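Here the structure comes first, spelled out in C-alpha cells, and everything after it is commentary.
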Amino acid sequence: MRTATITRETAETRISVELNLDGTGTYDNQTGVGFFDHMLDQLARHSLIDMTVKAKGDLHIDDHHTVEDTGIALGQALVKALGDKRGINRYGDCHLAMDDAQVRAALDLSARPYLICNLNLPTTKIGAFDTELVREFFQAFSTHGGITLHIDRLHGFNSHHIVEAAFKAVARALRVAVETDPRKGDAIPSTKGAL
C-alpha cells in the first residue's frame, strides 16, 4: 500500500496528514481555514488520493503558518508514500476549465523542487482568505514533495474560480503522475536509475 502518515509540530502549528495514493479521493480536511479546506478537498477528490488533514495553528495571528505548514506536511507525506517511485508515470499535466477560468498545471515528481506559479490573482482576498497564500501553499508542497510544478492562468477574472481551477488542475496532474504504468513494471522512471 502506498500510504503515509506525517505529524508535524512547531511552536506555530500542529499538523497531521494521512495519504493513500491508491484511494478513491475521500477526504476529511480540517485546518480551521474554511476556503483552504475547500481547496484541499478538491485536491483529494480530483487526484483520487485519500487525504486526511488535521491542523491546529496560530490563526489568531493569521492563516499563513497553517497553510504553509500544511503544504510542508503534505509534501513530506507524498514523498513517503511514493517510496522509490518504481513504476510511476512521474509526469502529469492538465488544462482545466472552470467557468471563466482556465488553468494549466504540469508537474514532474523529479525530486528537484521548482515552482512556477503564474496565477496573477485579481483580488487580495477570497472571503477572509489571503490569496497570496495560494503560492505559499504550492511553494511548500513542491519543495517538500520534490515536485517541479508549473501552474499558469490562461484565462479568468474571478479569483475563487482561478484558485479552484488551479487546485483541481494540480490534482488531475498529480493523479496521472502517481499512477503506476504496467509497462514500466519495477523500473525507476529515469535514465539515472534513481529519483
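Note on naming: chains are A, B, ... as they come in the C-alpha cells, residues start from 1 per chain, ligands start from 1 in the order shown.
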
For segment 46-138 of chain A versus segment 162-173 of chain A, which residues have an atom no more than 6 Å away, and what is each residue's nearest atom pair and distance in Å rounded to one decimal, using only C-alpha atoms, chain-then-number order, as JSON lines?
```
{"residue": "A:His46", "atom": "CA", "partner": "A:Ala171", "partner_atom": "CA", "distance": 5.3}
{"residue": "A:Ser47", "atom": "CA", "partner": "A:Ala171", "partner_atom": "CA", "distance": 4.4}
{"residue": "A:Gly92", "atom": "CA", "partner": "A:Ala173", "partner_atom": "CA", "distance": 4.2}
{"residue": "A:Asp93", "atom": "CA", "partner": "A:Ala173", "partner_atom": "CA", "distance": 4.3}
{"residue": "A:Cys94", "atom": "CA", "partner": "A:Ala169", "partner_atom": "CA", "distance": 5.4}
{"residue": "A:Leu96", "atom": "CA", "partner": "A:Ala169", "partner_atom": "CA", "distance": 5.5}
{"residue": "A:Met98", "atom": "CA", "partner": "A:Ala165", "partner_atom": "CA", "distance": 5.9}
{"residue": "A:Ala101", "atom": "CA", "partner": "A:Ile162", "partner_atom": "CA", "distance": 5.2}
{"residue": "A:Val103", "atom": "CA", "partner": "A:Ala166", "partner_atom": "CA", "distance": 5.7}
{"residue": "A:Ala105", "atom": "CA", "partner": "A:Val170", "partner_atom": "CA", "distance": 5.5}
```

_Just want the 10 Å neighbourhood of segment 140-143 of chain A, counted on only C-alpha atoms, with same-chain residues fewer than 3 positions away dropped. Output as JSON, numbers by chain._
{"A": [67, 68, 69, 70, 71, 72, 73, 74, 75, 76, 77, 78, 107, 108, 109, 111, 112, 113, 114, 115, 135, 136, 137, 146, 147, 148, 149, 150]}

Once you count only C-alpha atoms, what closest atom pair and distance in Å to one decimal does each residue of segment 45-92 of chain A within 9 Å of segment 29-32 of chain A have, with rows by chain and rising residue number, as a Markdown table?
```
| residue | atom | partner | partner_atom | distance |
| --- | --- | --- | --- | --- |
| A:Met51 | CA | A:Asn29 | CA | 7.3 |
| A:Thr52 | CA | A:Asn29 | CA | 5.4 |
| A:Val53 | CA | A:Asn29 | CA | 4.6 |
| A:Lys54 | CA | A:Gln30 | CA | 5.0 |
| A:Ala55 | CA | A:Thr31 | CA | 4.4 |
| A:Lys56 | CA | A:Thr31 | CA | 6.3 |
| A:Gly57 | CA | A:Thr31 | CA | 7.8 |
| A:Leu59 | CA | A:Gly32 | CA | 7.8 |
| A:Asp63 | CA | A:Gly32 | CA | 8.8 |
| A:Thr66 | CA | A:Thr31 | CA | 7.2 |
| A:Val67 | CA | A:Thr31 | CA | 8.2 |
| A:Thr70 | CA | A:Thr31 | CA | 8.4 |
```

Saved selection, atoms kept: C-alpha atoms, as a PDB file, in the first residue's frame:
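Final file, part-v7.pdb:
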```
ATOM      1  CA  MET A  51      -6.475  12.568   2.307  1.00  0.00           C
ATOM      2  CA  THR A  52      -6.987  13.435   5.939  1.00  0.00           C
ATOM      3  CA  VAL A  53      -5.511  16.697   7.218  1.00  0.00           C
ATOM      4  CA  LYS A  54      -5.944  17.910  10.789  1.00  0.00           C
ATOM      5  CA  ALA A  55      -4.306  21.212  11.646  1.00  0.00           C
ATOM      6  CA  LYS A  56      -4.255  23.482  14.658  1.00  0.00           C
ATOM      7  CA  GLY A  57      -2.433  26.707  14.036  1.00  0.00           C
ATOM      8  CA  LEU A  59      -4.975  31.532  13.443  1.00  0.00           C
ATOM      9  CA  ASP A  63      -3.576  31.836   8.281  1.00  0.00           C
ATOM     10  CA  THR A  66      -1.221  26.904   8.957  1.00  0.00           C
ATOM     11  CA  VAL A  67      -1.400  26.990   5.156  1.00  0.00           C
ATOM     12  CA  THR A  70       0.136  22.031   5.729  1.00  0.00           C
TER      13      THR A  70
END
```

*Have a look at atom CA of Glu179 of chain A and atom CA of Thr26 of chain A and let me know their distance in Å, one decimal.*
16.8 Å

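When only C-alpha atoms are used to compute distances to Glu132 of chain A, the closest of the residues A:Lys184, A:Lys192, A:His64, A:Arg14 turns out to be A:His64.
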
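You will find atom CA of Asp22 of chain A at 17.2 Å from atom CA of Ile6 of chain A.
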
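Ranking A:Glu18, A:His65, A:Phe36, A:Ala81 by their shortest atom-to-atom distance to Met1 of chain A, with only C-alpha atoms included, puts A:Ala81 first.
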
Might you pull out every residue within 10 Å of Ser190 of chain A, with only C-alpha atoms counted and same-chain residues fewer than 6 positions away left off, and present them as a PDB file with N, CA and C atoms, in the first residue's frame?
```pdb
ATOM      1  N   LYS A  85       9.611   5.329  -6.024  1.00  0.00           N
ATOM      2  CA  LYS A  85       8.916   5.769  -7.245  1.00  0.00           C
ATOM      3  C   LYS A  85       8.978   4.752  -8.385  1.00  0.00           C
ATOM      4  N   ARG A  86       9.236   3.509  -8.068  1.00  0.00           N
ATOM      5  CA  ARG A  86       9.272   2.482  -9.112  1.00  0.00           C
ATOM      6  C   ARG A  86       7.913   2.369  -9.806  1.00  0.00           C
ATOM      7  N   ARG A  90       5.385   9.422 -13.280  1.00  0.00           N
ATOM      8  CA  ARG A  90       6.284  10.518 -12.932  1.00  0.00           C
ATOM      9  C   ARG A  90       5.788  11.871 -13.396  1.00  0.00           C
ATOM     10  N   SER A 110      10.181  14.711  -9.714  1.00  0.00           N
ATOM     11  CA  SER A 110      11.593  14.568 -10.068  1.00  0.00           C
ATOM     12  C   SER A 110      12.541  14.536  -8.876  1.00  0.00           C
TER      13      SER A 110
END
```

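What separates atom CA of Phe35 of chain A from atom CA of Thr10 of chain A is a distance of 22.9 Å.
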
Could you give me the residues within segment 13-63 of chain A that DSSP places in alpha helix (DSSP H), as a PDB file with C-alpha atoms, in the first residue's frame?
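This went into out.pdb:
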```pdb
ATOM      1  CA  GLY A  34     -12.559  27.332   5.520  1.00  0.00           C
ATOM      2  CA  PHE A  35     -11.576  28.240   1.970  1.00  0.00           C
ATOM      3  CA  PHE A  36      -8.309  26.308   2.299  1.00  0.00           C
ATOM      4  CA  ASP A  37     -10.199  23.208   3.483  1.00  0.00           C
ATOM      5  CA  HIS A  38     -12.375  23.533   0.372  1.00  0.00           C
ATOM      6  CA  MET A  39      -9.240  23.594  -1.811  1.00  0.00           C
ATOM      7  CA  LEU A  40      -7.706  20.579  -0.030  1.00  0.00           C
ATOM      8  CA  ASP A  41     -10.980  18.730  -0.601  1.00  0.00           C
ATOM      9  CA  GLN A  42     -10.622  19.481  -4.336  1.00  0.00           C
ATOM     10  CA  LEU A  43      -7.015  18.287  -4.292  1.00  0.00           C
ATOM     11  CA  ALA A  44      -8.060  14.952  -2.784  1.00  0.00           C
ATOM     12  CA  ARG A  45     -11.216  14.395  -4.836  1.00  0.00           C
ATOM     13  CA  HIS A  46      -9.670  15.117  -8.217  1.00  0.00           C
ATOM     14  CA  SER A  47      -6.350  13.323  -7.621  1.00  0.00           C
TER      15      SER A  47
END
```
